[in-house]
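*Asks:* One structure is given below, represented as structure tokens, and several questions about it will come after.
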Number of protein chains: 2
Amino acid sequence: MKHQSRYRKTGAPPSRRPEAASLGDASTRNRILAAARPLFAEYGFNGTSVRDITSAAGVNLSAVGYHFVTKELLYLALLQEIVGPLAPRIEWFTRGDVAPLDKIERIVRAVFDHIRANPDMPAFMVREMASGRTPSGPIVQAMGRALPAMAGVIAAGQQQGAIRAGDPILLTLSTLAQPVYLYLTRGAVAAVAGVDANDPAVHARIVEHAVTVVRAALEQR
Amino acid sequence: MKHQSRYRKTGAPPSRRPEAASLGDASTRNRILAAARPLFAEYGFNGTSVRDITSAAGVNLSAVGYHFVTKELLYLALLQEIVGPLAPRIEWFTRGDVAPLDKIERIVRAVFDHIRANPDMPAFMVREMASGRTPSGPIVQAMGRALPAMAGVIAAGQQQGAIRAGDPILLTLSTLAQPVYLYLTRGAVAAVAGVDANDPAVHARIVEHAVTVVRAALEQR
DNA sequence: TTGACAGTCATACGTTCGTTTGATATCATA
DNA sequence: TATGATATCAAACGAACGTATGACTGTCAA
């Protein structure tokens with residue numbers, strides 16, 4: 001919220017990682033976060049042991065207890081680091097004098113930008129969703145801000161006749177499904193297509209594909 | 001494969017659960033499978049203990065070792081039971097003298113049908129995908145059949161001028177993203193919208209929404 | 001009646017888990 | 001130089017884990 005009002009004044013979108021400069025150093029705490037990120041993403045919370053994390057980070061086993069108290073609080077801190085910056089960026093693109101469909105396109109591109117900077121984000125998101133229970137705090141907060149914001153843009157577009165009729169929330173989820181699902185399955189896609197999933201050209205192709213699909217799905221004709 | 005040729009002759013789509021009659025009884029083996037299903041879906045493989053499963057099933061701890069040898073083989077048997085019947089059904093709808101876009105719509109409806117009969121399927125799927133590694137055998141087999149089959153339908157539609165240009169594999173994934181992602185997030189949707197996620201009317205609304213979005217996304221104009 | 005077999009059971013094995021403990025190291029401040 | 005706060009370390013704790021073991025029960029053909 002503090003960031004939000006500041007950025008509105010400057011006219012620039014919120015930075016992708018506002019805290020990178022101050023917290024991105026190689027302190028023990030950050031080594032743990034950096035090591036835990038791909039492990040939690042690939043093996044899940046229960047499939048990753050504290051020993052896995054600390055040995056990957058090259059720190060002592062007790063460092064997790066000292067810096068994060070428990071494994072779960074480490075997980076939540078990491079989740080906040082991953083999904084926290086996304087909602088303000090989405091909200092920023094819902095404002096301004098831009099056609100609703102163009103706002104949605106910019107949001108989709110911003111989500112892809114965020115995913116490129118945080119390639120593990122889709123894995124964290126869908127693991128949280130798969131549980132069926134209420135997701136963890138950072139996810140609930142991010143979704144609670146992003147979903148209504150995007151649905152509002154879609155509803156405005158419907159009033160203007162630019163976006164097709166339909167439940168704005170469902171249309172929002174259909175939109176967000178594209179970056180999340182396409183990136184989640186990009187390993188399988190790359191294997192089928194015989195390309196490198198981390199190739200920037202592949203990323204760019206996926207982004208353009210998703211934008212085209214989303215615009216076609218929403219556009220009123 | 002055996003089923004497939006049989007069904008082609010009869011002209012009826014493959015049953016949703018061909019083995020339900022013979023294996024759906026309350027034997028210890030099936031009690032274990034039925035109890036493991038929601039537990040693996042909600043808590044994941046590592047988050048579910050053999051003791052969780054056997055006590056939920058009301059059977060002895062050793063029954064898993066006796067009937068499935070290991071926990072992982074139990075998981076794979078369950079995964080096969082969940083995703084195994086899907087690929088033949090998708091393949092069946094790719095055949096016949098039907099417009100490509102209508103084939104895709106029928107496939108989307110069939111996937112929703114399958115998900116309604118197996119509500120845990122999206123959770124199993126995305127957990128497998130989130131790992132980043134090659135998914136388990138049943139998933140690889142199902143995707144290896146469903147993806148090319150659907151991409152072929154889309155490519156045929158593109159040749160006819162009925163479906164927009166674009167990578168058929170990416171368009172297939174964008175299509176499958178709708179049922180999987182919408183059902184994965186249906187708990188959150190229901191909470192936001194204040195409705196019951198298991199209400200058949202909600203299911204029907206989601207299906208119609210997804211069909212509309214998919215047709216609009218693919219249709220050539 | 002007997003023997004073999006499929007299935008179920010309580011119990012225990014060795015390992016790994018998250019967390020805790022107490023000692024030690026580093027360093028700015030008094 | 002002393003002191004207190006911050007940080008790291010090896011070691012250990014009890015609990016929970018997946019799996020293995022051997023006894024027991026029922027069924028059915030010989």
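Identifiers for the structure tokens are assigned positionally: chains receive A, B, ... in sequence, residues are indexed from 1 per chain, and ligands are indexed from 1 in the order shown.
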Dump as a ChimeraX atom specification the residues of chain C that approach chain A to within 9 Å, counting only C-alpha atoms (C1' of nucleotides).
*Replies:* /C:17-19
*Asks:* Could you write out, as a PyMOL selection string, all the residues of chain B that DSSP marks as alpha helix (DSSP H)?
*Replies:* chain B and resi 2-10+20-23+28-47+50-57+63-68+71-83+86-94+100-117+121-130+137-160+168-184+186-193+200-218
*Asks:* Which value, in Å to one decimal, gives the distance between CA of Met150 (chain A) and CA of Thr172 (chain A)?
*Replies:*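 Taking CA of Met150 (chain A) as the start and CA of Thr172 (chain A) as the end point, the length is 6.3 Å.
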*Asks:* Tell me the residues of chain A close to chain D, meaning within 10 Å using only C-alpha atoms (C1' of nucleotides), as a VMD selection string.
*Replies:* chain A and resid 28 59 to 63 66 to 67
*Asks:* Would you kindly report the residues of chain A within 6 Å of chain B, using only C-alpha atoms, as an mmCIF file with C-alpha atoms, in the first residue's frame?
*Replies:*
```cif
data_model
loop_
_atom_site.group_PDB
_atom_site.id
_atom_site.type_symbol
_atom_site.label_atom_id
_atom_site.label_comp_id
_atom_site.auth_asym_id
_atom_site.auth_seq_id
_atom_site.Cartn_x
_atom_site.Cartn_y
_atom_site.Cartn_z
ATOM 1 C CA GLU A 42 10.455 -28.912 -7.308
ATOM 2 C CA TYR A 43 9.865 -31.182 -4.325
ATOM 3 C CA ASN A 46 7.059 -31.858 2.646
ATOM 4 C CA GLY A 47 9.464 -33.205 0.048
ATOM 5 C CA ALA A 123 4.959 -24.182 -9.157
ATOM 6 C CA ALA A 130 -3.808 -28.187 -5.326
ATOM 7 C CA SER A 131 -4.193 -28.573 -1.586
ATOM 8 C CA ALA A 177 -4.595 -19.618 -16.573
ATOM 9 C CA TYR A 181 -0.365 -23.122 -17.068
ATOM 10 C CA VAL A 213 -5.168 -16.196 -27.084
ATOM 11 C CA ALA A 216 -9.208 -13.434 -28.777
ATOM 12 C CA ALA A 217 -10.917 -15.023 -25.806
#
```
*Asks:* Would you work out the distance separating CA of Ile82 (chain A) from CA of Asn118 (chain A), expressed in Å to one decimal?
*Replies:* 6.7 Å
*Asks:* Which residues, written as a CSV table (one decimal) with C-alpha atoms, in the first residue's frame, have at least one atom at most 9 Å from Arg109 (chain B), with only C-alpha atoms (C1' of nucleotides) counted and residues fewer than 5 positions away on the same chain left out?
*Replies:*
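Output file result_5.csv is given in full below:
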```csv
chain,number,residue,atom,x,y,z
B,104,ILE,CA,-12.3,-29.5,-29.5
B,114,HIS,CA,-13.7,-36.8,-16.4
B,179,PRO,CA,-10.6,-27.1,-17.5
B,207,VAL,CA,-18.1,-25.8,-18.3
B,208,GLU,CA,-20.1,-23.4,-20.5
B,210,ALA,CA,-14.7,-22.7,-20.6
B,211,VAL,CA,-16.3,-23.9,-23.9
```
*Asks:* What does the structure give for the distance between CA of Leu74 (chain B) and CA of Leu33 (chain B), in Å to one decimal?
*Replies:*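 CA of Leu33 (chain B) lies at a distance of 7.6 Å from CA of Leu74 (chain B).
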